[in-house]
Each structure stands twice: as structure tokens, then as C-alpha cells.
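Listing of model_12.csv, CSV, C-alpha atoms and all ligand atoms
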```csv
chain,number,residue,atom,x,y,z
A,16,MET,CA,29.7,116.4,25.8
A,17,SER,CA,27.3,113.6,25.2
A,18,HIS,CA,24.3,114.2,23.0
A,19,PRO,CA,21.0,114.5,25.0
A,20,LEU,CA,19.4,112.3,22.4
A,21,GLU,CA,21.7,109.4,23.1
A,22,PRO,CA,19.8,108.0,26.1
A,23,ILE,CA,16.5,108.5,24.3
A,24,TYR,CA,17.8,106.8,21.2
A,25,ALA,CA,18.8,103.9,23.4
A,26,LEU,CA,15.3,104.0,25.0
A,27,GLN,CA,13.7,103.9,21.6
A,28,LYS,CA,15.5,100.6,20.9
A,29,LYS,CA,14.0,99.2,24.0
A,30,ASP,CA,10.5,100.6,23.2
A,31,ARG,CA,10.7,99.0,19.7
A,32,ARG,CA,11.3,95.6,21.3
A,33,LEU,CA,8.6,96.2,23.8
A,34,ILE,CA,6.1,97.2,21.2
A,35,LYS,CA,6.9,94.0,19.2
A,36,VAL,CA,6.3,91.9,22.3
A,37,LEU,CA,3.0,93.7,23.1
A,38,ARG,CA,1.9,93.4,19.6
A,39,GLU,CA,2.5,89.6,19.6
A,40,LEU,CA,0.7,89.3,22.9
A,41,LYS,CA,-2.3,91.3,21.6
A,42,ASP,CA,-2.6,89.0,18.6
A,43,ILE,CA,-2.8,85.8,20.6
A,44,PRO,CA,-6.6,85.8,21.3
A,45,GLN,CA,-7.3,86.3,17.6
A,46,ARG,CA,-4.9,83.5,16.7
A,47,LYS,CA,-6.7,81.2,19.2
A,48,SER,CA,-10.1,82.0,17.8
A,49,ASP,CA,-8.8,81.4,14.3
A,50,ILE,CA,-7.6,77.9,15.3
A,51,GLU,CA,-10.9,77.2,17.1
A,52,ALA,CA,-12.8,78.3,13.9
A,53,GLN,CA,-11.1,75.4,12.0
A,54,LEU,CA,-13.0,73.1,14.3
A,55,SER,CA,-16.3,74.7,13.7
A,56,GLY,CA,-16.1,73.6,10.1
A,57,SER,CA,-15.9,70.0,11.1
A,58,LYS,CA,-18.5,70.4,13.7
A,59,GLN,CA,-20.8,71.8,11.1
A,60,LYS,CA,-20.2,68.8,8.8
A,61,LEU,CA,-20.9,66.4,11.6
A,62,GLU,CA,-24.2,68.2,12.5
A,63,THR,CA,-25.3,68.1,8.9
A,64,ALA,CA,-24.5,64.4,8.6
A,65,ILE,CA,-26.5,63.7,11.8
A,66,LYS,CA,-29.4,65.7,10.6
A,67,SER,CA,-29.4,64.0,7.3
A,68,ARG,CA,-29.4,60.6,8.9
A,69,LYS,CA,-32.3,61.5,11.1
A,70,HIS,CA,-34.2,62.7,8.1
A,71,THR,CA,-33.6,59.4,6.3
A,72,GLU,CA,-34.7,57.4,9.4
A,73,THR,CA,-37.9,59.3,9.6
A,74,THR,CA,-38.6,58.8,5.9
A,75,LEU,CA,-37.9,55.1,6.2
A,76,LYS,CA,-40.3,54.8,9.1
A,77,GLU,CA,-43.0,56.6,7.1
A,78,LEU,CA,-42.5,54.2,4.2
A,79,GLU,CA,-42.6,51.2,6.5
A,80,LEU,CA,-46.0,52.3,7.9
A,81,GLU,CA,-47.2,53.0,4.4
A,82,VAL,CA,-46.2,49.5,3.2
A,83,GLU,CA,-47.9,48.0,6.2
A,84,SER,CA,-51.2,49.8,5.5
A,85,LEU,CA,-51.0,48.8,1.8
A,86,LYS,CA,-50.4,45.2,2.8
A,87,GLU,CA,-53.5,45.3,5.1
A,88,ARG,CA,-55.4,46.7,2.1
A,89,VAL,CA,-54.3,43.7,0.0
A,90,VAL,CA,-55.5,41.3,2.8
A,91,LYS,CA,-58.8,43.1,2.8
A,92,TYR,CA,-59.2,43.0,-1.0
A,93,LYS,CA,-58.4,39.3,-1.0
A,94,THR,CA,-61.1,38.7,1.6
A,95,GLN,CA,-63.5,40.7,-0.5
A,96,GLN,CA,-62.4,38.9,-3.6
A,97,MET,CA,-63.3,35.6,-2.1
A,98,GLU,CA,-66.8,36.9,-1.5
A,99,ALA,CA,-67.2,38.3,-5.1
A,100,LYS,CA,-70.5,37.5,-6.5
A,101,THR,CA,-69.6,37.9,-10.2
A,102,ASN,CA,-66.6,37.3,-12.4
A,103,ASP,CA,-66.4,41.0,-13.2
A,104,GLN,CA,-66.2,41.8,-9.5
A,105,TYR,CA,-63.6,39.1,-9.0
A,106,ARG,CA,-61.5,40.5,-11.9
A,107,ALA,CA,-61.8,44.0,-10.5
A,108,PHE,CA,-60.3,42.8,-7.3
A,109,VAL,CA,-57.4,41.0,-9.1
A,110,LYS,CA,-56.7,44.3,-10.8
A,111,GLU,CA,-56.9,46.4,-7.6
A,112,ILE,CA,-54.7,43.9,-5.8
A,113,GLY,CA,-52.1,44.1,-8.6
A,114,VAL,CA,-52.0,47.9,-8.5
A,115,VAL,CA,-51.4,47.9,-4.7
A,116,GLU,CA,-48.8,45.1,-4.9
A,117,ASP,CA,-46.9,47.1,-7.5
A,118,GLU,CA,-47.1,50.1,-5.2
A,119,ILE,CA,-45.7,48.0,-2.3
A,120,LYS,CA,-42.9,46.8,-4.5
A,121,ALA,CA,-41.9,50.3,-5.5
A,122,LEU,CA,-42.0,51.4,-1.8
A,123,GLU,CA,-39.9,48.5,-0.8
A,124,ASP,CA,-37.3,49.3,-3.4
A,125,LYS,CA,-37.2,52.8,-2.0
A,126,GLU,CA,-36.7,51.4,1.5
A,127,ILE,CA,-33.7,49.4,0.3
A,128,ARG,CA,-32.2,52.6,-1.2
A,129,LEU,CA,-32.8,54.5,2.1
A,130,MET,CA,-31.2,51.7,4.1
A,131,GLU,CA,-28.2,52.0,1.9
A,132,ASP,CA,-28.2,55.7,2.5
A,133,LEU,CA,-28.4,55.1,6.2
A,134,GLU,CA,-25.3,52.8,6.0
A,135,GLN,CA,-23.5,55.4,4.0
A,136,GLY,CA,-24.5,58.1,6.5
A,137,ARG,CA,-23.3,56.0,9.4
A,138,LYS,CA,-19.8,55.8,7.7
A,139,ILE,CA,-19.8,59.6,7.1
A,140,ILE,CA,-20.7,60.3,10.7
A,141,GLU,CA,-17.9,58.0,11.9
A,142,GLU,CA,-15.4,59.7,9.6
A,143,CYS,CA,-16.6,63.2,10.8
A,144,GLU,CA,-16.3,62.2,14.4
A,145,ALA,CA,-12.8,60.8,13.9
A,146,ARG,CA,-11.7,63.9,12.1
A,147,LEU,CA,-13.2,66.1,14.8
A,148,ASN,CA,-11.4,64.2,17.5
A,149,THR,CA,-8.1,64.4,15.7
A,150,GLU,CA,-8.6,68.1,15.1
A,151,ARG,CA,-9.5,68.6,18.8
A,152,GLU,CA,-6.3,66.9,19.9
A,153,GLY,CA,-4.3,68.9,17.4
A,154,ILE,CA,-5.7,72.3,18.4
A,155,ALA,CA,-5.5,71.4,22.1
A,156,ASP,CA,-1.7,71.4,21.7
A,157,GLU,CA,-1.7,74.6,19.6
A,158,LEU,CA,-3.9,76.4,22.0
A,159,ALA,CA,-1.8,75.3,25.0
A,160,GLU,CA,1.3,76.5,23.1
A,161,LEU,CA,-0.3,79.9,22.6
A,162,ASP,CA,-1.3,80.1,26.2
A,163,GLU,CA,2.3,79.3,27.2
A,164,ARG,CA,3.6,81.9,24.8
A,165,ALA,CA,1.2,84.5,26.2
A,166,ALA,CA,2.4,83.8,29.7
A,167,GLU,CA,6.0,84.0,28.6
A,168,LEU,CA,5.4,87.3,26.7
A,169,THR,CA,3.5,88.8,29.7
A,170,GLU,CA,6.5,88.1,31.9
A,171,VAL,CA,9.0,89.5,29.4
A,172,ALA,CA,6.9,92.6,28.8
A,173,GLU,CA,6.8,93.3,32.6
A,174,GLN,CA,10.6,93.0,32.8
A,175,MET,CA,11.0,95.2,29.7
A,176,LYS,CA,8.6,97.8,31.2
A,177,THR,CA,10.6,97.9,34.4
A,178,ASP,CA,13.8,98.2,32.5
A,179,ARG,CA,12.4,100.9,30.3
A,180,ALA,CA,11.2,102.9,33.3
A,181,ARG,CA,14.7,102.8,34.7
A,182,SER,CA,16.2,104.0,31.4
A,183,ALA,CA,13.6,106.7,31.0
A,184,GLU,CA,14.8,108.2,34.3
A,185,GLY,CA,18.1,109.1,32.7
A,186,CYS,CA,16.4,111.1,29.9
A,187,ASP,CA,15.6,114.7,29.6
A,188,ARG,CA,11.8,115.1,30.6
A,189,ALA,CA,10.8,117.6,27.9
A,190,LEU,CA,12.6,115.6,25.3
A,191,LEU,CA,11.0,112.4,26.5
A,192,GLN,CA,7.6,113.9,26.2
A,193,LYS,CA,8.4,115.1,22.6
A,194,TYR,CA,9.7,111.6,21.8
A,195,ALA,CA,6.6,109.9,23.2
A,196,ARG,CA,4.3,112.3,21.3
A,197,ILE,CA,6.1,111.6,17.9
A,198,LEU,CA,6.3,107.9,18.6
A,199,LYS,CA,2.5,107.7,19.3
A,200,ASN,CA,1.9,109.6,16.1
A,201,LYS,CA,4.4,107.8,13.8
A,202,ARG,CA,4.1,104.3,15.4
A,203,ASP,CA,7.6,103.2,14.2
A,204,PHE,CA,10.3,105.7,15.1
A,205,ALA,CA,10.4,109.1,16.8
A,206,ILE,CA,14.2,109.5,16.4
A,207,VAL,CA,15.9,108.6,13.2
A,208,LEU,CA,19.5,108.8,12.0
A,209,ILE,CA,20.5,111.0,9.1
A,210,GLU,CA,21.3,108.7,6.2
A,211,GLU,CA,24.2,109.2,3.8
A,212,GLY,CA,23.7,112.2,1.5
A,213,GLY,CA,21.7,114.0,4.2
A,214,HIS,CA,18.5,112.1,4.0
A,215,CYS,CA,16.0,111.6,6.8
A,216,GLY,CA,16.2,108.0,8.1
A,217,GLY,CA,12.4,108.0,8.6
A,218,CYS,CA,10.9,109.4,5.4
A,219,HIS,CA,14.1,109.4,3.3
A,220,MET,CA,13.6,113.0,2.0
A,221,LYS,CA,16.7,115.1,1.5
A,222,LEU,CA,17.1,117.4,4.5
A,223,PRO,CA,18.2,121.0,4.3
A,224,PRO,CA,22.0,121.4,5.0
A,225,GLN,CA,21.2,123.5,8.0
A,226,VAL,CA,19.2,120.7,9.6
A,227,VAL,CA,22.0,118.2,8.8
A,228,HIS,CA,24.5,120.6,10.3
A,229,ASP,CA,22.4,121.3,13.5
A,230,ALA,CA,21.8,117.6,14.0
A,231,ARG,CA,25.5,117.3,14.9
A,232,ASN,CA,25.1,119.9,17.6
A,233,PRO,CA,24.4,118.6,21.1
A,234,THR,CA,22.8,121.8,22.1
A,235,LYS,CA,20.2,121.6,19.4
A,236,ILE,CA,17.3,119.2,18.8
A,237,VAL,CA,16.2,119.3,15.2
A,238,SER,CA,13.4,117.6,13.4
A,239,CYS,CA,12.9,116.5,9.8
A,240,ASN,CA,10.9,119.3,8.0
A,241,PHE,CA,8.9,116.6,6.1
A,242,CYS,CA,7.9,113.9,8.6
A,243,GLY,CA,8.5,115.7,11.9
A,244,ARG,CA,10.7,112.9,13.4
A,245,ILE,CA,13.7,114.0,15.4
A,246,VAL,CA,16.9,113.6,13.4
A,247,TYR,CA,20.0,112.5,15.1
A,248,ASN,CA,23.6,112.2,13.9
A,249,PRO,CA,25.6,110.5,16.6
A,250,SER,CA,28.5,109.3,14.5
A,251,ILE,CA,29.8,112.7,13.5
B,301,ZN,ZN,11.6,112.7,7.6
```

I'd like the structure from this file rewritten - as C-alpha cells, please.
Amino acid sequence: MSHPLEPIYALQKKDRRLIKVLRELKDIPQRKSDIEAQLSGSKQKLETAIKSRKHTETTLKELELEVESLKERVVKYKTQQMEAKTNDQYRAFVKEIGVVEDEIKALEDKEIRLMEDLEQGRKIIEECEARLNTEREGIADELAELDERAAELTEVAEQMKTDRARSAEGCDRALLQKYARILKNKRDFAIVLIEEGGHCGGCHMKLPPQVVHDARNPTKIVSCNFCGRIVYNPSI
């Protein structure tokens, strides 16, 4: 007689393939968001570069206003200097004008540095934008491939489920329930073969001779005393 475990053992092979497909399918959304996360790094860099440029522009504008007001002050001092009544007053204005002009010179030097920064910032922004665009194109392909893969896997899984249901019809009900319970618990195999030397194919512990003996008997369903998986010995 054929062993009642035979159809369930065949079913387990199908289930293992189905589980693998479902697992890959389940991982796809995470893989997609991992890919999208690469982009967020470049987006961040671009935003930082834009913010930094805006800050430089604001500082530059403030400096320009400051220089303008200092220049007005120089004009005012020069007018007052012309109206000086004494030599001391005249010299005091010369001194004041000198101080303000030094200040203007320092600010103008600062302006030049800021303008250089702006130029540098513009290059960085261009580089970031180019990189982001390239990355966007790159991930668009990757994301599309994953979507295709998901569609393919969904279809395959549906076919496998139908096939599996058909195979399950040929299995003993009670045994099928026991199998499902163990598989849910162990997550890899519910039915294992006995390895050479009488070891369990699941946990590899040495089985008692009685279990090894009974596993050959089609009228008996035996389990490993250690891991609880059903042991099957179809070759003998
Ligand atoms: Zn075991």
C-alpha cells in the first residue's frame, strides 16, 4: 500500500515553493522604500545647498546696505569737513573718514568672498540636481522592475495556490490538519525524512529505534520525540 504521508510530503514541496514566492512578494514594498530612501539622501543634500545659498544671498544684501550707509556717512563727513571752523575739527573729520573708509574696505572684501561662495554654491546645487536626476532615472527602472516582479509573483502564487488546493484534496484530512499545525509552528518543514543512522531530518537528533521502525509502517504516523516533526521513511 502507498504511505498516507506520500501525498502530504509532495504537498509540502509545493508549500515550500509557495512560501518562498509569498516571502519574496512580501519583501517587495520594503525593497522599494529602501531604494527610495537612497534618493532622500541626495534630496537632503540639495535642500541644504539651496538653504546655504539663500543664507549667503541674505548676508550679501545686508553687507551691501551697510556699505551704502557707510558711504553716505563718508559723504556727510566730507561736507561737514568742508565747513570745519578749525584745523582740529578738520583733522578730526579726516580721521573719522579714514576709519569709515577702512570699514567699507573690510566689508567689500567680505562681499567678494561671499560672491565667491555664491558661485561655489551654484556649482554644488547644479551637481546635486544632476545627481538627483540621474538617481531618479536609475530608481525609476529599479522600481518598475520590482512592480513587474510583484505582478509576476502574484500571478504565480495564485496558480500555485490553485494547484496546492487540488493536491490537498488527495490528502487525509486529519493528517493535513496535523501537517498544517506543525508547519505553522516550525515554519520550515512539518514532515522530514529519517537520515542515515536514524537521525531526524529536521532537528538531526538520533531517534529511538522504535520510531525509526514505525516510520516505515504505512499504518502508523510517527513524530520525532525531540522536535515534533512527522518523520517519514519512504525509501524503505
Ligand atoms: Zn526532530

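Look at A:Ser182: the protein and nucleic acid residues within 8 Å of it, using all atoms listed in the file and passing over chain neighbours fewer than 4 places away, are Pro22, Leu26, Asp178 and Cys186 of chain A.
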
For the contact check between chain A and ligand ZN 301 (chain B), emit one row per residue of chain A within 8 Å, containing the shortest atom pair and the distance in Å rounded to one decimal, counting all atoms listed in the file, chain then rising number order, as CSV.
```
residue,atom,partner,partner_atom,distance
A:His214,CA,B:ZN301,ZN,7.8
A:Cys215,CA,B:ZN301,ZN,4.6
A:Gly216,CA,B:ZN301,ZN,6.6
A:Gly217,CA,B:ZN301,ZN,4.9
A:Cys218,CA,B:ZN301,ZN,4.0
A:His219,CA,B:ZN301,ZN,6.0
A:Met220,CA,B:ZN301,ZN,6.0
A:Leu222,CA,B:ZN301,ZN,7.9
A:Ser238,CA,B:ZN301,ZN,7.8
A:Cys239,CA,B:ZN301,ZN,4.6
A:Asn240,CA,B:ZN301,ZN,6.6
A:Phe241,CA,B:ZN301,ZN,5.0
A:Cys242,CA,B:ZN301,ZN,4.0
A:Gly243,CA,B:ZN301,ZN,6.1
A:Arg244,CA,B:ZN301,ZN,5.9
A:Val246,CA,B:ZN301,ZN,7.9
```

Residue nearest A:Ile65 - candidates A:Leu133, A:Leu40, A:Leu122, A:Ile140, atoms counted: only C-alpha atoms: A:Ile140

Residues within 12 Å of A:Ala145, all atoms listed in the file, excluding chain neighbours under 5 positions, as a ChimeraX atom specification: /A:57-58,61,138-140,150-152

Exercise: A:Asp49 partners within 12 Å, all atoms listed in the file, chain neighbours under 4 positions left out, as a VMD selection string: chain A and resid 42 to 45 53 to 56 154 157 to 158 161

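Among the candidate residues A:Glu111, A:Glu126, A:Glu116, A:Glu51, the one lying nearest to A:Lys76 is A:Glu126, with distances computed using only C-alpha atoms.
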
Return the padded bounding box of stretch 21-29 of chain A as AutoDock Vina command-line options: axis-aligned, built from all atoms listed in the file, 4 Å added on each side, with centre and edge lengths in Å to one decimal.
```
--center_x 17.7 --center_y 104.3 --center_z 23.5 --size_x 16.0 --size_y 18.2 --size_z 13.2
```

Neighbour list for stretch 84-94 of chain A as a list in words, cut-off 8 Å, all atoms listed in the file, skip fewer than 3 positions in-chain: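 Close residues of stretch 84-94 of chain A: Leu80, Glu81, Met97, Glu98, Phe108, Glu111, Ile112, Val115, Glu116 and Ile119 of chain A.
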
Shell of 12 Å around stretch 168-176 of chain A, all atoms listed in the file, local chain residues under 2 positions omitted, as a ChimeraX atom specification: /A:26,28-43,161-166,178-183

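Compared by their closest atoms to A:Ser67, and using only C-alpha atoms, the residues A:Gly136, A:Leu20, A:Gln95, A:Gln104 rank with A:Gly136 nearest.
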
May I ask you to restore N, CA and C atoms in stretch 104-127 of chain A and write the result as an mmCIF file, in the coordinates of the input?
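The result, stored in out31.cif:
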```cif
data_model
loop_
_atom_site.group_PDB
_atom_site.id
_atom_site.type_symbol
_atom_site.label_atom_id
_atom_site.label_comp_id
_atom_site.auth_asym_id
_atom_site.auth_seq_id
_atom_site.Cartn_x
_atom_site.Cartn_y
_atom_site.Cartn_z
ATOM 1 N N GLN A 104 -66.653 41.288 -10.780
ATOM 2 C CA GLN A 104 -66.200 41.800 -9.500
ATOM 3 C C GLN A 104 -64.867 41.136 -9.099
ATOM 4 N N TYR A 105 -64.785 39.827 -9.349
ATOM 5 C CA TYR A 105 -63.600 39.100 -9.000
ATOM 6 C C TYR A 105 -62.362 39.666 -9.764
ATOM 7 N N ARG A 106 -62.575 39.927 -11.082
ATOM 8 C CA ARG A 106 -61.500 40.500 -11.900
ATOM 9 C C ARG A 106 -61.083 41.890 -11.437
ATOM 10 N N ALA A 107 -62.094 42.640 -11.010
ATOM 11 C CA ALA A 107 -61.800 44.000 -10.500
ATOM 12 C C ALA A 107 -60.892 43.953 -9.315
ATOM 13 N N PHE A 108 -61.130 42.957 -8.438
ATOM 14 C CA PHE A 108 -60.300 42.800 -7.300
ATOM 15 C C PHE A 108 -58.843 42.377 -7.650
ATOM 16 N N VAL A 109 -58.759 41.467 -8.619
ATOM 17 C CA VAL A 109 -57.400 41.000 -9.100
ATOM 18 C C VAL A 109 -56.642 42.250 -9.562
ATOM 19 N N LYS A 110 -57.333 43.104 -10.300
ATOM 20 C CA LYS A 110 -56.700 44.300 -10.800
ATOM 21 C C LYS A 110 -56.240 45.228 -9.690
ATOM 22 N N GLU A 111 -57.152 45.480 -8.763
ATOM 23 C CA GLU A 111 -56.900 46.400 -7.600
ATOM 24 C C GLU A 111 -55.669 45.841 -6.818
ATOM 25 N N ILE A 112 -55.743 44.509 -6.570
ATOM 26 C CA ILE A 112 -54.700 43.900 -5.800
ATOM 27 C C ILE A 112 -53.315 44.066 -6.509
ATOM 28 N N GLY A 113 -53.338 43.897 -7.825
ATOM 29 C CA GLY A 113 -52.100 44.100 -8.600
ATOM 30 C C GLY A 113 -51.549 45.469 -8.503
ATOM 31 N N VAL A 114 -52.440 46.467 -8.558
ATOM 32 C CA VAL A 114 -52.000 47.900 -8.500
ATOM 33 C C VAL A 114 -51.318 48.095 -7.104
ATOM 34 N N VAL A 115 -51.997 47.635 -6.017
ATOM 35 C CA VAL A 115 -51.400 47.900 -4.700
ATOM 36 C C VAL A 115 -50.134 47.112 -4.479
ATOM 37 N N GLU A 116 -50.063 45.898 -5.018
ATOM 38 C CA GLU A 116 -48.800 45.100 -4.900
ATOM 39 C C GLU A 116 -47.651 45.795 -5.619
ATOM 40 N N ASP A 117 -47.944 46.398 -6.783
ATOM 41 C CA ASP A 117 -46.900 47.100 -7.500
ATOM 42 C C ASP A 117 -46.424 48.316 -6.652
ATOM 43 N N GLU A 118 -47.411 48.962 -6.019
ATOM 44 C CA GLU A 118 -47.100 50.100 -5.200
ATOM 45 C C GLU A 118 -46.180 49.677 -4.017
ATOM 46 N N ILE A 119 -46.542 48.518 -3.427
ATOM 47 C CA ILE A 119 -45.700 48.000 -2.300
ATOM 48 C C ILE A 119 -44.307 47.694 -2.804
ATOM 49 N N LYS A 120 -44.203 47.111 -3.981
ATOM 50 C CA LYS A 120 -42.900 46.800 -4.500
ATOM 51 C C LYS A 120 -42.039 48.015 -4.712
ATOM 52 N N ALA A 121 -42.658 49.075 -5.245
ATOM 53 C CA ALA A 121 -41.900 50.300 -5.500
ATOM 54 C C ALA A 121 -41.446 50.921 -4.139
ATOM 55 N N LEU A 122 -42.343 50.873 -3.143
ATOM 56 C CA LEU A 122 -42.000 51.400 -1.800
ATOM 57 C C LEU A 122 -40.858 50.611 -1.185
ATOM 58 N N GLU A 123 -40.935 49.298 -1.376
ATOM 59 C CA GLU A 123 -39.900 48.500 -0.800
ATOM 60 C C GLU A 123 -38.527 48.692 -1.447
ATOM 61 N N ASP A 124 -38.561 48.963 -2.755
ATOM 62 C CA ASP A 124 -37.300 49.300 -3.400
ATOM 63 C C ASP A 124 -36.738 50.600 -2.854
ATOM 64 N N LYS A 125 -37.645 51.533 -2.601
ATOM 65 C CA LYS A 125 -37.200 52.800 -2.000
ATOM 66 C C LYS A 125 -36.631 52.584 -0.624
ATOM 67 N N GLU A 126 -37.262 51.670 0.121
ATOM 68 C CA GLU A 126 -36.700 51.400 1.500
ATOM 69 C C GLU A 126 -35.317 50.829 1.410
ATOM 70 N N ILE A 127 -35.066 49.987 0.425
ATOM 71 C CA ILE A 127 -33.700 49.400 0.300
ATOM 72 C C ILE A 127 -32.703 50.550 0.024
#
```
